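Shown next: query_11.txt, containing compact mmCIF, C-alpha atoms and all ligand atoms.
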```
# COMPACT_ATOMS: atom_id res chain seq x y z
CA MET E 1 -38.74 27.51 -107.25
CA THR E 2 -39.50 27.41 -103.55
CA LEU E 3 -41.36 24.08 -103.50
CA GLU E 4 -38.58 22.07 -105.04
CA PRO E 5 -35.94 20.18 -103.10
CA SER E 6 -32.58 20.24 -104.88
CA PRO E 7 -30.40 17.46 -103.50
CA SER E 8 -26.69 17.41 -104.14
CA PRO E 9 -25.86 14.80 -106.76
CA LEU E 10 -23.00 13.15 -104.91
CA SER E 11 -22.50 11.69 -101.46
CA CYS E 12 -20.15 13.72 -99.30
CA ASP E 13 -16.80 12.28 -98.26
CA ILE E 14 -17.74 10.16 -95.26
CA SER E 15 -14.25 8.80 -94.57
CA LEU E 16 -13.89 10.94 -91.41
CA TYR E 17 -17.00 9.31 -89.97
CA ASP E 18 -15.85 5.84 -91.00
CA ARG E 19 -12.47 6.42 -89.35
CA THR E 20 -13.70 8.01 -86.13
CA GLU E 21 -17.35 7.42 -85.38
CA SER E 22 -18.80 4.18 -84.07
CA ARG E 23 -20.46 1.73 -86.41
CA VAL E 24 -23.59 2.07 -84.30
CA ARG E 25 -24.81 5.04 -86.34
CA THR E 26 -27.83 4.42 -88.55
CA TYR E 27 -29.78 7.20 -90.27
CA CYS E 28 -26.66 8.71 -91.88
CA ARG E 29 -25.99 5.45 -93.71
CA THR E 30 -28.93 5.83 -96.06
CA MET E 31 -28.57 9.61 -96.30
CA PRO E 32 -24.85 10.18 -96.79
CA ARG E 33 -24.65 13.95 -96.80
CA GLN E 34 -23.22 16.49 -94.37
CA PHE E 35 -25.83 18.98 -93.21
CA GLY E 36 -25.07 22.46 -91.99
CA ARG E 37 -28.17 24.57 -91.87
CA ALA E 38 -31.90 24.09 -91.49
CA GLU E 39 -34.95 26.26 -91.53
CA GLY E 40 -38.59 25.20 -91.25
CA VAL E 41 -39.11 22.07 -93.35
CA TRP E 42 -35.80 22.41 -95.20
CA MET E 43 -32.33 21.05 -94.45
CA TYR E 44 -29.27 22.18 -96.37
CA ASP E 45 -26.09 20.21 -97.01
CA ASP E 46 -22.53 21.43 -97.47
CA GLU E 47 -22.78 21.36 -101.25
CA GLY E 48 -25.75 23.70 -101.23
CA GLY E 49 -28.25 20.87 -101.66
CA ARG E 50 -31.70 21.38 -100.21
CA TYR E 51 -33.85 18.64 -98.67
CA LEU E 52 -37.46 18.43 -97.60
CA ASP E 53 -37.65 16.96 -94.10
CA PHE E 54 -40.33 14.26 -93.87
CA LEU E 55 -38.67 12.76 -90.79
CA SER E 56 -38.57 15.71 -88.39
CA GLY E 57 -36.08 14.07 -86.06
CA CYS E 58 -38.58 11.20 -85.58
CA SER E 59 -41.15 13.74 -84.47
CA SER E 60 -38.71 15.79 -82.35
CA LEU E 61 -39.18 18.79 -84.65
CA ASN E 62 -42.96 19.11 -84.83
CA TYR E 63 -42.66 22.87 -85.37
CA GLY E 64 -39.90 22.49 -87.97
CA HIS E 65 -36.26 23.47 -87.71
CA ASN E 66 -35.25 26.69 -85.95
CA HIS E 67 -38.73 28.14 -85.67
CA PRO E 68 -38.15 31.93 -85.59
CA VAL E 69 -40.22 32.54 -82.45
CA LEU E 70 -38.49 29.76 -80.51
CA LYS E 71 -35.06 30.69 -81.81
CA GLN E 72 -35.47 34.33 -80.85
CA ALA E 73 -36.64 33.40 -77.35
CA LEU E 74 -33.49 31.31 -76.88
CA LEU E 75 -31.18 33.95 -78.35
CA ASP E 76 -32.67 36.60 -76.04
CA TYR E 77 -32.28 34.31 -73.03
CA ILE E 78 -28.63 33.53 -73.75
CA GLU E 79 -27.88 37.18 -74.57
CA ALA E 80 -29.31 38.23 -71.19
CA GLY E 81 -27.03 35.77 -69.36
CA GLY E 82 -29.80 33.31 -68.49
CA ILE E 83 -28.85 30.16 -66.55
CA THR E 84 -27.92 27.20 -68.73
CA HIS E 85 -27.41 24.43 -66.20
CA SER E 86 -28.83 24.33 -62.70
CA LEU E 87 -29.43 20.69 -61.68
CA ASP E 88 -32.94 20.91 -60.25
CA LEU E 89 -32.56 24.35 -58.66
CA HIS E 90 -35.39 26.80 -59.05
CA THR E 91 -34.86 29.04 -62.08
CA GLU E 92 -36.85 31.72 -63.86
CA ALA E 93 -36.90 29.61 -67.01
CA LYS E 94 -38.29 26.63 -65.08
CA SER E 95 -41.00 28.63 -63.34
CA ALA E 96 -42.09 30.17 -66.66
CA PHE E 97 -42.34 26.68 -68.15
CA LEU E 98 -44.24 25.23 -65.18
CA GLU E 99 -46.75 28.07 -65.35
CA ALA E 100 -47.16 27.85 -69.10
CA PHE E 101 -47.56 24.06 -69.07
CA THR E 102 -50.10 24.25 -66.24
CA ASP E 103 -52.10 27.16 -67.68
CA ILE E 104 -51.96 26.34 -71.38
CA ILE E 105 -51.94 22.53 -71.40
CA LEU E 106 -53.16 21.01 -68.14
CA LYS E 107 -55.88 23.35 -66.86
CA PRO E 108 -57.92 23.69 -70.07
CA ARG E 109 -57.93 19.88 -70.32
CA LYS E 110 -58.88 19.50 -66.64
CA LEU E 111 -55.77 17.37 -66.10
CA ASP E 112 -54.18 17.35 -62.70
CA TYR E 113 -50.64 16.04 -63.02
CA ARG E 114 -47.47 16.43 -60.99
CA ILE E 115 -44.59 17.29 -63.29
CA MET E 116 -41.33 15.38 -62.89
CA PHE E 117 -38.28 16.45 -64.87
CA THR E 118 -36.15 13.44 -65.69
CA GLY E 119 -32.89 13.16 -67.55
CA PRO E 120 -33.34 14.74 -70.97
CA THR E 121 -34.13 11.76 -73.23
CA GLY E 122 -37.33 9.81 -73.68
CA THR E 123 -36.00 6.61 -72.21
CA ASN E 124 -35.32 8.49 -68.95
CA ALA E 125 -38.96 9.47 -68.70
CA VAL E 126 -40.02 5.87 -69.32
CA GLU E 127 -37.59 4.51 -66.71
CA ALA E 128 -39.00 6.95 -64.17
CA ALA E 129 -42.55 5.90 -65.02
CA LEU E 130 -41.71 2.19 -64.63
CA LYS E 131 -39.89 2.71 -61.34
CA LEU E 132 -42.72 4.74 -59.92
CA ALA E 133 -45.39 2.23 -60.98
CA ARG E 134 -43.41 -0.65 -59.43
CA LYS E 135 -42.76 1.30 -56.25
CA ILE E 136 -46.39 2.29 -55.78
CA THR E 137 -48.00 -1.05 -56.57
CA GLY E 138 -45.29 -3.27 -55.09
CA ARG E 139 -45.63 -5.37 -58.26
CA GLN E 140 -42.81 -6.12 -60.70
CA HIS E 141 -44.52 -7.13 -63.90
CA ILE E 142 -45.29 -4.66 -66.70
CA VAL E 143 -47.71 -5.31 -69.53
CA ALA E 144 -46.36 -3.79 -72.74
CA PHE E 145 -47.45 -4.54 -76.30
CA THR E 146 -46.24 -6.19 -79.48
CA ASN E 147 -44.31 -3.72 -81.66
CA GLY E 148 -44.00 -1.24 -78.79
CA PHE E 149 -40.94 0.99 -78.63
CA HIS E 150 -40.06 2.68 -75.36
CA GLY E 151 -36.32 3.34 -75.42
CA MET E 152 -32.92 1.68 -75.23
CA THR E 153 -31.97 1.56 -71.54
CA LEU E 154 -32.58 -1.75 -69.78
CA GLY E 155 -35.95 -1.01 -68.19
CA SER E 156 -37.51 0.61 -71.23
CA LEU E 157 -35.75 -1.83 -73.57
CA ALA E 158 -37.42 -4.69 -71.72
CA CYS E 159 -40.72 -3.05 -72.73
CA THR E 160 -39.60 -2.68 -76.36
CA GLY E 161 -40.60 -5.43 -78.78
CA ASN E 162 -37.94 -5.27 -81.50
CA ALA E 163 -35.61 -8.30 -81.30
CA GLY E 164 -32.60 -6.52 -82.79
CA LYS E 165 -32.78 -3.77 -80.20
CA ARG E 166 -33.46 -6.21 -77.37
CA GLY E 167 -30.48 -8.28 -78.45
CA GLY E 168 -28.14 -5.41 -77.61
CA ALA E 169 -29.00 -5.65 -73.91
CA GLY E 170 -26.52 -8.43 -73.18
CA VAL E 171 -28.58 -9.54 -70.18
CA PRO E 172 -32.02 -11.11 -69.90
CA LEU E 173 -34.81 -8.56 -70.17
CA GLY E 174 -37.48 -9.62 -67.78
CA HIS E 175 -40.53 -8.60 -65.80
CA VAL E 176 -42.41 -7.55 -68.93
CA SER E 177 -44.81 -9.37 -71.24
CA HIS E 178 -45.77 -8.16 -74.70
CA GLU E 179 -49.49 -8.58 -75.19
CA PRO E 180 -51.07 -8.24 -78.65
CA PHE E 181 -51.64 -4.59 -79.58
CA ASP E 182 -54.92 -3.45 -81.11
CA GLY E 183 -55.41 -5.26 -84.43
CA TYR E 184 -52.44 -7.58 -83.94
CA CYS E 185 -54.57 -10.73 -84.22
CA GLY E 186 -56.64 -9.48 -87.15
CA PRO E 187 -59.98 -7.68 -87.26
CA ASP E 188 -61.95 -10.45 -85.54
CA VAL E 189 -60.04 -10.59 -82.27
CA ASP E 190 -60.42 -7.88 -79.67
CA THR E 191 -57.01 -8.01 -78.02
CA ALA E 192 -58.21 -5.88 -75.09
CA ASP E 193 -60.75 -8.59 -74.25
CA LEU E 194 -57.98 -11.15 -74.52
CA LEU E 195 -55.82 -9.20 -72.07
CA ASP E 196 -58.75 -8.82 -69.70
CA GLN E 197 -59.39 -12.56 -69.86
CA ARG E 198 -55.75 -13.36 -69.12
CA LEU E 199 -55.57 -10.90 -66.24
CA SER E 200 -58.82 -12.25 -64.80
CA ASP E 201 -57.71 -15.89 -64.93
CA PRO E 202 -55.47 -16.74 -61.96
CA SER E 203 -54.07 -19.65 -63.96
CA SER E 204 -53.27 -17.74 -67.16
CA GLY E 205 -49.66 -17.42 -66.08
CA LEU E 206 -49.72 -13.66 -66.48
CA ASP E 207 -48.46 -11.95 -63.33
CA GLU E 208 -50.42 -9.05 -61.84
CA PRO E 209 -48.93 -6.00 -63.52
CA ALA E 210 -47.70 -2.82 -61.89
CA ALA E 211 -48.56 -0.99 -65.08
CA ILE E 212 -49.88 -1.27 -68.57
CA LEU E 213 -47.55 0.69 -70.84
CA VAL E 214 -48.95 1.73 -74.20
CA GLU E 215 -48.40 4.02 -77.18
CA THR E 216 -51.66 5.24 -78.77
CA VAL E 217 -49.91 5.18 -82.14
CA GLN E 218 -46.81 3.00 -82.29
CA GLY E 219 -44.12 5.22 -83.78
CA GLU E 220 -41.16 2.93 -84.32
CA GLY E 221 -43.34 -0.18 -84.35
CA GLY E 222 -45.03 0.67 -87.65
CA LEU E 223 -47.55 3.48 -87.04
CA ASN E 224 -50.19 1.09 -85.71
CA ALA E 225 -52.95 3.30 -84.34
CA ALA E 226 -55.05 1.95 -81.49
CA SER E 227 -58.75 2.72 -81.75
CA ALA E 228 -60.36 4.98 -79.16
CA GLU E 229 -62.58 2.09 -77.95
CA TRP E 230 -59.57 -0.18 -77.48
CA LEU E 231 -57.74 2.51 -75.50
CA ARG E 232 -60.81 3.05 -73.29
CA LYS E 233 -60.99 -0.69 -72.67
CA ILE E 234 -57.29 -0.82 -71.79
CA ALA E 235 -57.77 2.09 -69.36
CA SER E 236 -60.64 0.32 -67.66
CA ILE E 237 -58.76 -3.00 -67.57
CA ALA E 238 -55.81 -1.28 -65.88
CA LYS E 239 -58.10 0.21 -63.28
CA ARG E 240 -59.95 -3.05 -62.58
CA HIS E 241 -56.76 -5.01 -62.20
CA GLY E 242 -54.97 -2.53 -59.96
CA ALA E 243 -52.38 -1.56 -62.58
CA LEU E 244 -51.37 1.97 -63.45
CA LEU E 245 -51.94 3.09 -67.03
CA ILE E 246 -48.84 4.64 -68.56
CA VAL E 247 -49.27 6.31 -71.94
CA ASP E 248 -45.91 6.75 -73.62
CA ASP E 249 -46.65 9.94 -75.56
CA ILE E 250 -43.04 10.63 -76.45
CA GLN E 251 -43.59 10.36 -80.20
CA ALA E 252 -47.37 10.66 -80.61
CA GLY E 253 -47.71 13.59 -78.18
CA CYS E 254 -46.95 17.30 -78.56
CA GLY E 255 -49.55 17.67 -81.31
CA ARG E 256 -48.46 14.91 -83.70
CA THR E 257 -51.99 13.45 -83.78
CA GLY E 258 -53.75 16.82 -83.48
CA GLU E 259 -54.40 17.51 -79.82
CA PHE E 260 -51.45 18.11 -77.50
CA PHE E 261 -51.79 14.63 -75.96
CA SER E 262 -52.54 11.73 -78.28
CA PHE E 263 -54.98 10.19 -75.77
CA GLU E 264 -57.33 13.17 -75.63
CA ASP E 265 -59.53 11.95 -78.49
CA ALA E 266 -60.16 8.67 -76.65
CA GLY E 267 -61.29 10.56 -73.56
CA ILE E 268 -59.01 8.63 -71.23
CA VAL E 269 -56.86 10.02 -68.42
CA PRO E 270 -53.71 7.96 -67.93
CA ASP E 271 -52.20 7.66 -64.47
CA ILE E 272 -48.76 8.41 -65.86
CA VAL E 273 -47.68 10.10 -69.12
CA THR E 274 -44.22 10.36 -70.64
CA LEU E 275 -43.21 13.21 -72.95
CA ALA E 276 -39.94 14.05 -74.71
CA LYS E 277 -39.11 14.37 -78.43
CA SER E 278 -40.97 17.57 -79.47
CA LEU E 279 -41.44 18.89 -75.95
CA SER E 280 -38.71 21.52 -76.28
CA GLY E 281 -40.08 22.42 -79.68
CA MET E 282 -36.66 23.04 -81.12
CA GLY E 283 -34.94 19.69 -80.92
CA LEU E 284 -33.29 20.39 -77.57
CA PRO E 285 -33.13 17.41 -75.20
CA PHE E 286 -35.99 17.61 -72.72
CA ALA E 287 -38.19 14.91 -71.16
CA MET E 288 -40.72 14.66 -68.39
CA THR E 289 -42.99 12.25 -66.63
CA LEU E 290 -46.43 13.36 -65.48
CA PHE E 291 -48.50 11.55 -62.88
CA ARG E 292 -51.57 11.97 -60.72
CA PRO E 293 -50.64 13.92 -57.56
CA GLU E 294 -51.46 10.95 -55.28
CA LEU E 295 -48.80 8.94 -57.10
CA ASP E 296 -46.05 11.36 -56.17
CA GLN E 297 -44.52 9.01 -53.64
CA TRP E 298 -40.89 9.56 -54.53
CA ALA E 299 -38.37 10.18 -51.79
CA PRO E 300 -36.24 13.23 -52.63
CA GLY E 301 -33.47 12.16 -55.02
CA GLU E 302 -34.81 8.62 -55.34
CA HIS E 303 -34.67 9.11 -59.10
CA ASN E 304 -32.44 11.86 -60.41
CA GLY E 305 -30.01 12.91 -63.12
CA THR E 306 -27.49 15.69 -63.68
CA PHE E 307 -29.28 17.09 -66.68
CA ARG E 308 -32.81 17.34 -65.34
CA GLY E 309 -34.36 20.55 -66.40
CA ASN E 310 -32.52 21.87 -69.42
CA ASN E 311 -33.07 25.61 -69.05
CA HIS E 312 -32.61 26.32 -72.76
CA ALA E 313 -35.27 23.71 -73.45
CA PHE E 314 -37.54 25.31 -70.82
CA VAL E 315 -37.24 28.59 -72.73
CA THR E 316 -38.05 27.16 -76.16
CA ALA E 317 -40.76 24.86 -74.78
CA THR E 318 -42.46 27.80 -73.08
CA ALA E 319 -42.29 29.82 -76.29
CA ALA E 320 -43.76 26.88 -78.23
CA LEU E 321 -46.64 26.43 -75.76
CA ARG E 322 -47.50 30.12 -75.92
CA HIS E 323 -47.16 30.36 -79.69
CA PHE E 324 -48.92 27.16 -80.78
CA TRP E 325 -51.18 26.03 -77.96
CA SER E 326 -52.82 29.14 -76.48
CA ASP E 327 -55.90 28.42 -78.59
CA GLY E 328 -57.22 25.53 -80.67
CA ILE E 329 -56.19 26.87 -84.07
CA PHE E 330 -52.95 24.93 -84.40
CA ALA E 331 -54.49 21.61 -83.30
CA ALA E 332 -57.35 22.04 -85.79
CA ASP E 333 -54.84 22.76 -88.53
CA VAL E 334 -52.87 19.62 -87.69
CA VAL E 335 -56.08 17.58 -87.90
CA ARG E 336 -56.92 19.14 -91.27
CA ARG E 337 -53.43 18.49 -92.62
CA GLY E 338 -53.55 14.94 -91.26
CA ARG E 339 -56.70 14.30 -93.32
CA LEU E 340 -54.94 15.59 -96.39
CA LEU E 341 -52.07 13.20 -95.69
CA GLU E 342 -54.55 10.35 -95.15
CA ARG E 343 -56.24 11.01 -98.51
CA ARG E 344 -52.95 11.13 -100.37
CA LEU E 345 -51.58 7.95 -98.77
CA GLU E 346 -54.90 6.14 -99.31
CA ALA E 347 -54.71 7.02 -103.02
CA MET E 348 -51.16 5.64 -103.24
CA ALA E 349 -52.23 2.50 -101.40
CA ARG E 350 -55.23 1.96 -103.71
CA GLU E 351 -53.13 2.37 -106.82
CA HIS E 352 -50.76 -0.41 -105.76
CA GLY E 353 -52.98 -2.66 -103.65
CA LEU E 354 -51.23 -1.59 -100.44
CA SER E 355 -52.52 -0.27 -97.13
CA THR E 356 -51.92 2.70 -94.84
CA ARG E 357 -51.33 3.10 -91.12
CA GLY E 358 -51.51 5.80 -88.51
CA ARG E 359 -53.46 8.79 -87.27
CA GLY E 360 -53.19 12.57 -87.57
CA MET E 361 -49.84 13.68 -88.97
CA MET E 362 -48.32 10.36 -87.99
CA ARG E 363 -49.05 8.15 -90.97
CA GLY E 364 -47.38 5.79 -93.35
CA LEU E 365 -47.73 3.46 -96.28
CA ASP E 366 -47.26 -0.29 -95.81
CA ALA E 367 -45.05 -1.15 -98.78
CA GLY E 368 -45.43 -4.88 -98.15
CA SER E 369 -41.74 -5.57 -97.46
CA GLY E 370 -38.70 -3.90 -95.99
CA GLU E 371 -37.00 -4.08 -99.39
CA ALA E 372 -39.83 -2.23 -101.11
CA ALA E 373 -40.02 0.42 -98.38
CA ALA E 374 -36.24 0.91 -98.49
CA ALA E 375 -36.36 1.29 -102.27
CA ILE E 376 -39.09 3.92 -101.97
CA THR E 377 -37.28 5.93 -99.30
CA ALA E 378 -34.00 5.68 -101.26
CA ALA E 379 -35.73 6.97 -104.39
CA ALA E 380 -37.26 9.76 -102.33
CA PHE E 381 -33.90 10.72 -100.89
CA ASP E 382 -32.43 10.85 -104.40
CA ARG E 383 -35.08 13.45 -105.13
CA GLY E 384 -34.33 15.39 -101.96
CA ILE E 385 -36.83 14.03 -99.42
CA ILE E 386 -35.58 12.91 -96.03
CA ILE E 387 -37.84 10.03 -95.05
CA GLU E 388 -37.53 6.80 -93.07
CA THR E 389 -39.19 3.45 -92.54
CA SER E 390 -40.55 1.72 -89.45
CA GLY E 391 -42.38 -1.47 -88.50
CA SER E 392 -41.54 -5.11 -87.70
CA HIS E 393 -39.77 -5.56 -91.05
CA ASP E 394 -39.15 -1.86 -91.75
CA GLU E 395 -41.96 -2.19 -94.28
CA ILE E 396 -43.76 1.06 -93.44
CA VAL E 397 -42.75 4.25 -95.26
CA LYS E 398 -43.43 6.79 -92.57
CA VAL E 399 -44.33 10.40 -93.23
CA LEU E 400 -43.46 12.55 -90.23
CA ALA E 401 -43.46 16.01 -91.79
CA PRO E 402 -43.25 19.06 -89.51
CA LEU E 403 -46.77 19.93 -88.35
CA THR E 404 -46.17 23.47 -89.57
CA ILE E 405 -45.55 22.49 -93.20
CA GLU E 406 -47.24 24.80 -95.71
CA ASP E 407 -50.00 23.09 -97.72
CA ASP E 408 -48.38 23.66 -101.13
CA VAL E 409 -44.98 22.36 -99.99
CA PHE E 410 -46.65 19.35 -98.39
CA ALA E 411 -48.70 18.60 -101.51
CA HIS E 412 -45.64 18.88 -103.70
CA GLY E 413 -43.60 16.60 -101.42
CA LEU E 414 -46.41 14.05 -101.47
CA ASP E 415 -46.58 14.29 -105.29
CA MET E 416 -42.91 13.39 -105.35
CA LEU E 417 -43.39 10.54 -102.88
CA GLU E 418 -46.26 9.23 -105.00
CA GLU E 419 -43.94 9.20 -108.02
CA CYS E 420 -41.33 7.29 -106.03
CA VAL E 421 -43.90 4.71 -104.97
CA ARG E 422 -45.05 4.37 -108.58
CA THR E 423 -41.56 3.85 -109.99
CA THR E 424 -40.64 1.42 -107.19
CA MET E 425 -43.76 -0.70 -106.92
CA THR E 426 -43.01 -2.90 -109.90
CA PRO E 427 -43.46 -6.68 -110.20
CA ALA E 428 -39.95 -7.03 -108.74
CA PHE E 429 -41.59 -6.32 -105.40
CA GLY E 430 -44.43 -8.72 -106.04
CA VAL E 431 -46.77 -5.92 -106.97
CA ALA E 432 -48.59 -6.31 -110.24
CA ALA E 433 -50.07 -3.23 -111.83
CA GLU E 434 -53.87 -3.33 -111.53
C1 LIG T 501 -38.24 7.82 -79.18
C2 LIG T 501 -39.12 7.14 -78.22
C3 LIG T 501 -38.67 6.80 -76.93
C4 LIG T 501 -37.23 6.98 -76.49
O1 LIG T 501 -36.81 8.30 -76.53
P1 LIG T 501 -35.24 8.60 -76.54
O2 LIG T 501 -35.15 10.09 -76.44
O3 LIG T 501 -34.71 8.08 -77.84
O4 LIG T 501 -34.65 7.91 -75.38
C5 LIG T 501 -39.57 6.23 -76.06
N1 LIG T 501 -40.84 6.02 -76.41
C6 LIG T 501 -41.31 6.34 -77.64
C7 LIG T 501 -42.75 6.10 -77.96
C8 LIG T 501 -40.46 6.89 -78.59
O5 LIG T 501 -40.91 7.17 -79.82
```
Mind turning the file's structure into structure tokens?
Amino acid sequence: MTLEPSPSPLSCDISLYDRTESRVRTYCRTMPRQFGRAEGVWMYDDEGGRYLDFLSGCSSLNYGHNHPVLKQALLDYIEAGGITHSLDLHTEAKSAFLEAFTDIILKPRKLDYRIMFTGPTGTNAVEAALKLARKITGRQHIVAFTNGFHGMTLGSLACTGNAGKRGGAGVPLGHVSHEPFDGYCGPDVDTADLLDQRLSDPSSGLDEPAAILVETVQGEGGLNAASAEWLRKIASIAKRHGALLIVDDIQAGCGRTGEFFSFEDAGIVPDIVTLAKSLSGMGLPFAMTLFRPELDQWAPGEHNGTFRGNNHAFVTATAALRHFWSDGIFAADVVRRGRLLERRLEAMAREHGLSTRGRGMMRGLDAGSGEAAAAITAAAFDRGIIIETSGSHDEIVKVLAPLTIEDDVFAHGLDMLEECVRTTMTPAFGVAAE
């Protein structure tokens, strides 16, 4: 039966990993299998077990695993002896990407951005954005938000809220304040107004910021979705106070909320945008920072990296842009599927007196506690669904299915998740049946 995951009954022998690999690893601890093959929404382990991927590499695999069009483009490129590594030299693969990104993404949206290739991970793109904002404004302070996640290197980590992650820095993380995100102080407090008030008051103690750094939907922070009005207010506050607006679209971008950029619905145009995760379309490392042309005040080499411009990623990213984004069909389909997900999660929430979070295909269920969420995701994994948690206390069960998931497979996976929520949400987790 094609809809059914069929997990292997036993954990694989993980002694090799215990002996050799650092303790720092995480995801593999709750999903102790050894995977070999993947296709579309399915991952296969060594024992022949089959798993439905509701994690998608934390939204790095928006088009699923090994999409045939992307895979073929890469195979053809390698077969023809295409360049793999080239520092930032001009290459055919890079020019094809620059043209596709300009013609398919930027021009139709009337966006005029300079494209900067950074080192290949998201945190690189964020570091570049922060450096540029500080250089241009001559200011040091950055306004970030509660529950924000922006990466693990010192600059981006300073902008990240999570105490456990911050604790790994080993040095003070400064020059950033974490202002309340939309909804953080409950429904009656407009936290954008609060920020505006603090920035307008010379005695508030808040330094003039070089930038306001924001995720439209907080991926790791618990799928908190900012409203369009709040985002518009933040954009206007940034402008009025001489700060650059940086939208970190690393997780919410590349179609996860429907449109290519997650800020399109709000009608705002950030000064700087960071992209990574699903940019290559195939899980290859690839990140970039976009900014208004006037902001391109870098000296040559002032920010660089050996692995800027991963040619294989250029090839798959170009194929993904052409295949999925040449018209509005894919985005409309993501929106439709996101509504389906919303309805299903709302029903689960109602049944157990819980609540939901998120926007588009980036949604989750607030299970009330980290223990409850962990129990749900463990039960789901036992049934063959790869799924994770996020949020301040890891209390959000987050559904990050590939955007390409077929409706019947998606519905069946959500049926199974619903079952797992039902069997887990017992009085042991403080949830009384209604
Ligand atoms: C994942 C993520 C990053 C960091 O990307 P890495 O590739 O892990 O360095 C930054 N910002 C957001 C919003 C992310 O989700």
Between E:Ile83, E:Ile136, E:Val217, E:Cys12, which is the closest to ligand LIG 501 (chain T) once you count only C-alpha atoms and all ligand atoms?
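Among the listed residues, the smallest separation from ligand LIG 501 (chain T) belongs to E:Val217.
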Distance table requested - chain E against ligand LIG 501 (chain T), cut-off 8 Å, only C-alpha atoms and all ligand atoms: one row per qualifying residue with the closest atom pair and its distance in Å to one decimal, ordered by chain and rising residue number, as CSV.
```
residue,atom,partner,partner_atom,distance
E:Cys58,CA,T:LIG501,C1,7.2
E:Pro120,CA,T:LIG501,O2,7.4
E:Thr121,CA,T:LIG501,O2,3.8
E:Gly122,CA,T:LIG501,O1,3.3
E:Thr123,CA,T:LIG501,O4,3.7
E:Asn124,CA,T:LIG501,O4,6.5
E:Val126,CA,T:LIG501,C5,6.8
E:Gly148,CA,T:LIG501,C7,7.5
E:Phe149,CA,T:LIG501,C6,5.5
E:His150,CA,T:LIG501,N1,3.6
E:Gly151,CA,T:LIG501,C4,3.9
E:Met152,CA,T:LIG501,O4,6.5
E:Thr153,CA,T:LIG501,O4,7.9
E:Ser156,CA,T:LIG501,C5,7.7
E:Glu215,CA,T:LIG501,C7,6.1
E:Gln218,CA,T:LIG501,C7,6.7
E:Gly219,CA,T:LIG501,O5,5.5
E:Glu220,CA,T:LIG501,O5,6.2
E:Asp248,CA,T:LIG501,C7,5.4
E:Asp249,CA,T:LIG501,C7,6.0
E:Ile250,CA,T:LIG501,C6,4.8
E:Gln251,CA,T:LIG501,O5,4.2
E:Ala252,CA,T:LIG501,C7,7.0
E:Thr274,CA,T:LIG501,N1,8.0
E:Ala276,CA,T:LIG501,O2,6.5
E:Lys277,CA,T:LIG501,O2,6.2
E:Pro285,CA,T:LIG501,O2,7.7
E:Ala287,CA,T:LIG501,O2,7.8
```
Could you tell me which of E:Ala133, E:Met425, E:Ala38, E:Leu340 comes closest to Leu213 (chain E) if we count only C-alpha atoms?
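Once distances to Leu213 (chain E) are computed over only C-alpha atoms, the minimum belongs to E:Ala133.
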Here CA of His312 (chain E) and CA of Leu98 (chain E) stand apart by 13.9 Å
Which of these residues is nearest to Gly391 (chain E), using all atoms listed in the file: E:Ala299, E:Glu351, E:Gly57, E:Asn224?
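Of E:Ala299, E:Glu351, E:Gly57, E:Asn224, the one nearest Gly391 (chain E), counting all atoms listed in the file, is E:Asn224.
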Neighbouring residues of Glu208 (chain E) were defined as those with any atom within 12 Å, considering all atoms listed in the file; residues of the same chain fewer than 4 positions away were excluded. Please report them as a list in words.
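Contacts, in chain order: Arg134, Thr137, Gly138, Arg139, Gln140, His141, Ile142, Val143, His175, Val176, Ser177, Leu195, Asp196, Arg198, Leu199, Ser200, Asp201, Pro202, Ser203, Ser204, Ile212, Ile237, Ala238, Arg240, His241, Gly242, Ala243 and Leu244 of chain E.
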List the spatial neighbours of Arg357 (chain E) as a ChimeraX atom specification - criterion: any atom at most 12 Å away, only C-alpha atoms, same-chain residues fewer than 5 positions off excluded.
/E:183,217-219,221-227,341-343,345-346,349,362-367,390-391,395-399
Can I get the selected residues back with C-alpha atoms, as a short mmCIF file (atom, residue, chain, number, x, y, z; two decimals), in the frame of the given file?
```
data_model
loop_
_atom_site.label_atom_id
_atom_site.label_comp_id
_atom_site.auth_asym_id
_atom_site.auth_seq_id
_atom_site.Cartn_x
_atom_site.Cartn_y
_atom_site.Cartn_z
CA GLY E 183 -55.41 -5.26 -84.43
CA VAL E 217 -49.91 5.18 -82.14
CA GLN E 218 -46.81 3.00 -82.29
CA GLY E 219 -44.12 5.22 -83.78
CA GLY E 221 -43.34 -0.18 -84.35
CA GLY E 222 -45.03 0.67 -87.65
CA LEU E 223 -47.55 3.48 -87.04
CA ASN E 224 -50.19 1.09 -85.71
CA ALA E 225 -52.95 3.30 -84.34
CA ALA E 226 -55.05 1.95 -81.49
CA SER E 227 -58.75 2.72 -81.75
CA LEU E 341 -52.07 13.20 -95.69
CA GLU E 342 -54.55 10.35 -95.15
CA ARG E 343 -56.24 11.01 -98.51
CA LEU E 345 -51.58 7.95 -98.77
CA GLU E 346 -54.90 6.14 -99.31
CA ALA E 349 -52.23 2.50 -101.40
CA MET E 362 -48.32 10.36 -87.99
CA ARG E 363 -49.05 8.15 -90.97
CA GLY E 364 -47.38 5.79 -93.35
CA LEU E 365 -47.73 3.46 -96.28
CA ASP E 366 -47.26 -0.29 -95.81
CA ALA E 367 -45.05 -1.15 -98.78
CA SER E 390 -40.55 1.72 -89.45
CA GLY E 391 -42.38 -1.47 -88.50
CA GLU E 395 -41.96 -2.19 -94.28
CA ILE E 396 -43.76 1.06 -93.44
CA VAL E 397 -42.75 4.25 -95.26
CA LYS E 398 -43.43 6.79 -92.57
CA VAL E 399 -44.33 10.40 -93.23
#
```
